[in-house]
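Novice: Here it is, the structure, as structure tokens.
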Amino acid sequence: MHKRNRLFLSFALGYGLLGGALAITWLLDPTLIPGDVPRAHGHIMLLGFLLMMIYGIALHVLPRFSGFPLYSERMADGQFYLANIGLPVMVAGWLTWNHVLVLVGGALSYGAMVLFGLNMVLTVRARGPKA
Amino acid sequence: MGGARAQRVPRAQDGRRGASVKVALLVSQGCPACLEAEAVWRQVAEERHFAFAVIDVAQPEGRALASRLGLVGVPALLVDGALQGIGVQNLSTAREWAEQAGSRAQGQAAPLAPHFSPDNRFFVLAAMAYLMLAGLGLALNGTLLTHGPARPVALHLMTVGFMIFLIYGLGAHMLPRFTGNPMRQGVWPWLQMGFAHAGLAGYVGGFLLQAHRLAAAGGVLIWLSLLVFTLRVLPVLWARRPPPDPACRGRFGP
């Protein structure tokens, strides 16, 4: 398994633990952490835990299922950086009520999704045998 | 392609020629030639309509086959269980071999995946039960998520009950097969499952009864289940393995 894909999975687990700890802290004392904690929790769990888990697994299995190598390793590397810069920036925005940070983080996270989507489309699309 | 490097191995005299020929490709992680060989044989399998499977030598069934055949390299091609060749064949060679093997009209590409272990089977079954429970809101209210106090209940039955349980079951089944590293078993998956079920029950009960301490305790248990899963998965992802594949035989081979 490619190191980047293993990193995606490891980061997903880290985000899961972080997002869970954030929510538990908020449940025990809602005043302890400032900002929009439920929204931060939701985004960490969905974009951090679930989506990065999917990124790591899909980048590994979809090329194999399609019978072709991944279209672009560089796109996948870029996706990794965008996703892991975008989410912390977005969460920082939610926790500080800073909408500029939320917007920037969201755009970066979206960039990761687009890179992933295009890379998968170009990998999985029906085509003839490799020359 | 790497046809010049492909090495033909004398075919075993098995004498079997049934209605369908079964072709298997033994591959390993870290073997670029294996991906090439897989693409070639998938193409030929689709053209000639024979059963085709890809088997990882890191998996139990792959190890058993490699050991039985005394394999020294991958990708290795098996026809009806007999070793046919090692290395990457080009399309014309693969078609010729398939022709010789007497391909028949039946069959299609089919993975030979081993079955779920009991713990993973229970995780997947529980995920489906939670999905049906979470979806009750659709039948009762016409919406998955209401605006009332039941909102976090439905939301977490779907996300924790369905999605995370599914990740637990599928992740524990697939990741060791992707990396070739074993996953911690014994009491650990059952502890993880116990934490997750008890946690979700506590969380849901806490919200429905407006008992926030109970909900928080449920949250802690769910978090502990995720911690156990993390501690089981990380060694699978990062355990040291032998250097990749000196046995890889192909045009990218050593």
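For the structure tokens, the naming scheme is as follows: chains receive sequential letters (A, B, ...) according to their order of presentation, residues are indexed from 1 within each chain, and ligands are indexed from 1 in presentation order.
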With only C-alpha atoms considered, list every residue of chain A at most 9 Å from chain B, as a PyMOL selection string.
Specialist: chain A and resi 1-3+6-7+9-10+13-14+16-17+20-21+23-25+27-28+46+50+53+57+60-61+64+66-69+128-131
Novice: Using Å and a single decimal, report how far atom CA of Phe116 of chain B sits from atom CA of Pro189 of chain B.
Specialist: 13.1 Å
Novice: Just checking: using only C-alpha atoms, which residue out of A:Phe49, A:Val100, A:Ala92, A:Ser109 ends up closest to Phe80 of chain A?
Specialist: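 The closest residue to Phe80 of chain A is A:Ser109.
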Novice: So how many Å separate atom CA of Ile33 of chain A and atom CA of Leu87 of chain A, to one decimal?
Specialist: 18.0 Å
Novice: Where in chain A does DSSP assign helix (DSSP H, G or I), given as a ChimeraX atom specification?
Specialist: /A:3-28,37-66,73-96,99-124
Novice: Can you tell me, as number ranges by chain, what residues are no more than 10 Å from Leu144 of chain B when counting only C-alpha atoms, ignoring any on the same chain fewer than 5 positions away?
Specialist: B: 134-139, 151, 154-155, 158
Novice: If you measure from atom CA of Gly78 of chain A to atom CA of Ala112 of chain A, what distance in Å do you get, rounded to one decimal?
Specialist: 7.3 Å
Novice: Show me, as a list in words, the residues that have an atom within 9 Å of Val104 of chain A when counting only C-alpha atoms, minus same-chain residues fewer than 2 positions from it.
Specialist: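 After dropping sequence-adjacent residues, the list is Gly86, Val89, Met90, Gly93, His99, Val100, Leu101, Val102, Gly106, Ala107, Leu108 and Ser109 of chain A.
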Novice: How would the residues just picked look written out with C-alpha atoms as a PDB file, in the first residue's frame?
Specialist:
```
ATOM      1  CA  GLY A  86      -7.931  22.787   4.354  1.00  0.00           C
ATOM      2  CA  VAL A  89      -7.917  25.869   8.595  1.00  0.00           C
ATOM      3  CA  MET A  90     -11.675  25.388   8.332  1.00  0.00           C
ATOM      4  CA  GLY A  93     -12.382  29.186  11.459  1.00  0.00           C
ATOM      5  CA  HIS A  99     -15.431  33.254   8.328  1.00  0.00           C
ATOM      6  CA  VAL A 100     -12.432  34.038   6.157  1.00  0.00           C
ATOM      7  CA  LEU A 101     -10.628  31.027   7.578  1.00  0.00           C
ATOM      8  CA  VAL A 102     -13.746  28.901   7.064  1.00  0.00           C
ATOM      9  CA  GLY A 106     -13.453  25.067   2.655  1.00  0.00           C
ATOM     10  CA  ALA A 107     -11.978  26.034  -0.711  1.00  0.00           C
ATOM     11  CA  LEU A 108      -8.835  24.004  -0.027  1.00  0.00           C
ATOM     12  CA  SER A 109     -10.888  20.992   1.073  1.00  0.00           C
TER      13      SER A 109
END
```
Novice: Using only C-alpha atoms, tabulate the residues of segment 145-170 of chain B lying at most 7 Å from any atom of segment 204-208 of chain B, each with its closest atom pair and that distance in Å to one decimal, by chain and increasing residue number, as a tab-separated table.
Specialist:
```
residue	atom	partner	partner_atom	distance
B:Pro149	CA	B:Phe207	CA	6.9
B:Ala150	CA	B:Leu208	CA	6.7
B:Val153	CA	B:Val204	CA	5.3
```
Novice: Could those selected residues go to a file with N, CA and C atoms, as a tab-separated table (two decimals), in the first residue's frame?
Specialist:
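Contents of again17.tsv, as written:
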```tsv
chain	number	residue	atom	x	y	z
B	149	PRO	N	-35.15	17.23	19.79
B	149	PRO	CA	-34.09	16.59	20.56
B	149	PRO	C	-33.66	15.24	19.97
B	150	ALA	N	-34.50	14.69	19.09
B	150	ALA	CA	-34.14	13.41	18.48
B	150	ALA	C	-33.12	13.57	17.35
B	153	VAL	N	-29.86	11.97	17.92
B	153	VAL	CA	-30.05	10.51	18.01
B	153	VAL	C	-30.02	9.90	16.61
```
Novice: Ranking A:Ala12, A:Met52, A:Leu22, A:Val37 by minimum distance to Trp97 of chain A and counting only C-alpha atoms, which one comes first?
Specialist: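 Between A:Ala12, A:Met52, A:Leu22, A:Val37, the residue approaching Trp97 of chain A most closely is A:Val37.
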Novice: B:Phe50, B:Gly70, B:Leu83, B:His156: which is nearest Leu25 of chain B, counting only C-alpha atoms?
Specialist: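 The answer is B:Leu83, which sits nearest to Leu25 of chain B.
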Novice: Write out as a list in words each polymer residue whose atoms come within 10 Å of Tyr71 of chain A, counting only C-alpha atoms; drop sequence neighbours fewer than 2 positions from it.
Specialist: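 Using only C-alpha atoms, the neighbours found are Pro63, Phe68, Pro69, Glu73, Arg74, Met75, Ala76, Leu118, Asn119, Met120, Val121, Leu122, Thr123 and Val124 of chain A.
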Novice: List every residue of segment 9-251 of chain B that DSSP, applied to the backbone, labels as strand (DSSP E), and write the result as a VMD selection string.
Specialist: chain B and resid 22 to 27 51 to 56 76 to 79 82 to 86
Novice: Applying 9 Å and only C-alpha atoms, which residues near segment 65-68 of chain B remain after dropping the ones on its own chain fewer than 6 positions away? List them as number ranges by chain.
Specialist: B: 26, 57, 81
